[in-house]
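Enquirer: What follows is a structure written as structure tokens; I'll ask about it next.
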Amino acid sequence: MMLPASLRDINIWLVQKARIVVYLIALLLIAVVWFSFSKNGSANMPMSNAFGYLAFTFLSLALIVTPIRTIWPRFELNSSLYMARRAIGVSAFVFAVFHYITQLSVNFNNDVPALFSLMFSAAGTWLLVGYIALVILFILFATSFDFAVKKLGNHWFTLHKLVYLAYLFIFLHAYRIGVDFANGMLNAYSGSFIAIAIITLILEAVRLYVVFTRKKQEAQ
């Protein structure tokens, strides 16, 4: 079987398979993280950190699809990116759930009441912020399927703007209580985490500028 020879060929091949490809990649990453960090089949902090990192990374990827399509409308893979966007967001939620489950196991010995007791105390502010982000991602996950899009209509786009709030909360959660930010020194995790956030914000800012400029030109 010959490989696609150009981005156009890749796009034609990928556009109908984009979601499946994303889900397969997500499953592969879950397996890689689990077998790379698990000791005797149990969760640990490096594993939990990896799942949190993947959740943030995939959410960033989901967010930058629209800026890419807006800034570079003739990019050959735009239609595939559009088809993959919801699957990328769903995968981000799944990674976030794995992060939550492994944190619950490692730090609270699966004691949910103890987690919530700390979460709603003065010392657990940023833990609560992370949990709110998880709830928002769940809402977005539950409404990310075709039947929900049709049912909600235009309200779907309004609802899914909550992703920006979730993104901010995840960043604050990681920055304030993430172990890789604890000593104030950047490492591979924290440095790339911040870089991903900066790139996402820059692309979003450029998207808003492009949209504003186009509307201004159309109004003239």
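Ligands are numbered from 1 in the order shown, residues from 1 within each chain, and chains are lettered A, B, ... in the order they appear in the structure tokens.
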At a cut-off of 8 Å, using only C-alpha atoms, what residues contact region 89-93 of chain A? Leave out same-chain residues fewer than 2 positions from it and give the result as a VMD selection string.

Expert: chain A and resid 22 to 23 26 54 to 59 62 85 to 87 95 to 97 134 137 to 138 141 144

Enquirer: For Tyr209 (chain A), find every residue with an atom within 12 Å (counting only C-alpha atoms), except residues of its own chain fewer than 5 positions away, and show them as a PyMOL selection string.

Expert: chain A and resi 67+70-71+202-204+214-216

Enquirer: Convert the current residue selection to file output with C-alpha atoms, as a PDB file, in the first residue's frame.

Expert:
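After the write, selection_31.pdb holds the following:
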ATOM      1  CA  PRO A  67      -7.150  29.576  15.123  1.00  0.00           C
ATOM      2  CA  THR A  70      -8.962  31.020  10.723  1.00  0.00           C
ATOM      3  CA  ILE A  71      -5.380  32.207  10.262  1.00  0.00           C
ATOM      4  CA  ILE A 202      -0.865  33.643  20.936  1.00  0.00           C
ATOM      5  CA  LEU A 203      -2.772  31.709  18.274  1.00  0.00           C
ATOM      6  CA  GLU A 204      -6.076  32.596  19.908  1.00  0.00           C
ATOM      7  CA  ARG A 214     -12.086  40.835   8.401  1.00  0.00           C
ATOM      8  CA  LYS A 215     -15.288  42.168   9.947  1.00  0.00           C
ATOM      9  CA  LYS A 216     -13.934  45.696   9.800  1.00  0.00           C
TER      10      LYS A 216
END

Enquirer: With only C-alpha atoms as the atoms that count, which of A:Leu104, A:Leu7, A:Ala133, A:Val32 lies nearest to Arg74 (chain A)?

Expert: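 Ranking A:Leu104, A:Leu7, A:Ala133, A:Val32 by distance to Arg74 (chain A), first place goes to A:Leu7.
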
Enquirer: One decimal, Å: what's the distance from CA of Val106 (chain A) over to CA of Ala43 (chain A), could you say?

Expert: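 Atom-to-atom, CA of Val106 (chain A) to CA of Ala43 (chain A), that is 6.6 Å.
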
Enquirer: In Å to one decimal, how far is CA of Asn49 (chain A) from CA of Ile199 (chain A)?

Expert: 20.9 Å

Enquirer: One number please: CA of Ala219 (chain A) to CA of Pro73 (chain A), in Å, one decimal.

Expert: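 One can read the CA of Ala219 (chain A) to CA of Pro73 (chain A) distance as 20.6 Å.
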
Enquirer: Could you pull the residues within 9 Å of His160 (chain A), counting only C-alpha atoms, minus those fewer than 5 positions along the same chain, as an MDAnalysis selection string?

Expert: chainID A and resid 139:140 143:144 155

Enquirer: Store the residues picked out above in a file with C-alpha atoms, as a compact mmCIF listing (two decimals), in the first residue's frame.

Expert:
# COMPACT_ATOMS: atom_id res chain seq x y z
CA ILE A 139 -20.24 18.75 30.61
CA LEU A 140 -18.38 19.39 27.36
CA THR A 143 -22.41 17.24 24.80
CA SER A 144 -19.65 16.45 22.31
CA HIS A 155 -26.76 26.82 22.18

Enquirer: Taking only C-alpha atoms into account, name the residue in A:Leu27, A:Leu14, A:Ala114, A:Ala174 that is nearest to Val94 (chain A).

Expert: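 Ranking A:Leu27, A:Leu14, A:Ala114, A:Ala174 by distance to Val94 (chain A), first place goes to A:Leu27.
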